[in-house]
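S.K.: Dropping the structure in here first, questions after.
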Amino acid sequence: MKSKETIQEDEERIRKWVRELPDDKRLQFFQQTEQALKDPDTYAALNYLFIAGLHHFYLGKWLRGFINLSIFITGAVLLFTQFTAAGLLLLIGITVIELKDLFYSQLVVQDYNNGVMEKIYHNLVKG
């Protein structure tokens, strides 16, 4: 994961690029980003639910979302079998792993949004 400073520098660099766009391109940029950017609070709320993976789906990280959701479901099912300890271990493990995303949700989403803005900017400049 990038540092907070690096993510903020990336955002400032993109904002500088956008300020230099002609008015019509800048308007297109803002219209497109308004639809594409993700909300850090929604990401954090999905992570709080501890149904592991939902916050990854929100950012379009389908593979990681399916892996986390599968581990979570497997752990939950194992709780009701003779392998209760294994199920509990899986649930604790996935929770510990996902706590990092919860604590850094603002940065995770800001970094994601920077990538979206940069892609939109480059598409506008090329087109």
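Labels for the structure tokens follow display order: chains A, B, ..., residues from 1 in each chain, ligands from 1.
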For Leu69 (chain A), find every residue with an atom within 12 Å (counting only C-alpha atoms), except residues of its own chain fewer than 6 positions away, and show them as a ChimeraX atom specification.

M.R.: /A:47,49-57,62-63,75-76,90-91,94-95,98

S.K.: Which neighbours of Leu88 (chain A) fall inside 12 Å, counting only C-alpha atoms, when residues of the same chain fewer than 3 positions from it are skipped, and could you give them as number ranges by chain?

M.R.: A: 71-85, 91-95

S.K.: Suppose we keep C-alpha atoms; can you now write the selection as a tab-separated table (two decimals), in the first residue's frame?

M.R.:
```tsv
chain	number	residue	atom	x	y	z
A	71	ILE	CA	-13.29	-17.97	3.07
A	72	PHE	CA	-15.90	-16.21	5.19
A	73	ILE	CA	-18.71	-18.55	4.09
A	74	THR	CA	-16.51	-21.62	4.56
A	75	GLY	CA	-15.61	-20.46	8.07
A	76	ALA	CA	-19.26	-19.78	8.93
A	77	VAL	CA	-20.37	-23.20	7.69
A	78	LEU	CA	-17.56	-24.96	9.56
A	79	LEU	CA	-18.80	-23.39	12.81
A	80	PHE	CA	-21.81	-25.72	12.65
A	81	THR	CA	-19.84	-28.91	12.01
A	82	GLN	CA	-17.33	-30.97	13.91
A	83	PHE	CA	-14.67	-28.56	12.59
A	84	THR	CA	-15.82	-25.59	14.68
A	85	ALA	CA	-12.27	-24.63	15.63
A	91	LEU	CA	-13.24	-16.21	10.55
A	92	ILE	CA	-10.65	-14.71	12.88
A	93	GLY	CA	-8.00	-14.84	10.16
A	94	ILE	CA	-10.14	-13.11	7.53
A	95	THR	CA	-11.22	-10.52	10.11
```

S.K.: Which neighbours of region 24-40 of chain A fall inside 9 Å, counting only C-alpha atoms, when residues of the same chain fewer than 5 positions from it are skipped, and could you give them as a list of chain:residue names?

M.R.: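 The residues satisfying every condition are A:Val18, A:Arg19, A:Ala45, A:Tyr58, A:Leu59, A:Ser105, A:Gln106, A:Leu107, A:Val108, A:Val109, A:Gln110, A:Tyr112, A:Asn113, A:Asn114, A:Val116, A:Met117, A:Ile120, A:Tyr121, A:Leu124, A:Val125.
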
S.K.: At what distance in Å, to one decimal, does CA of Ile14 (chain A) lie from CA of Asp41 (chain A)?

M.R.: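 CA of Ile14 (chain A) lies 22.4 Å from CA of Asp41 (chain A).
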
S.K.: Enumerate, as a ChimeraX atom specification, the complete set of residues in chain A that a backbone-based DSSP assignment places in alpha helix (DSSP H).

M.R.: /A:4-19,23-36,40-48,54-58,62-78,84-103,105-126
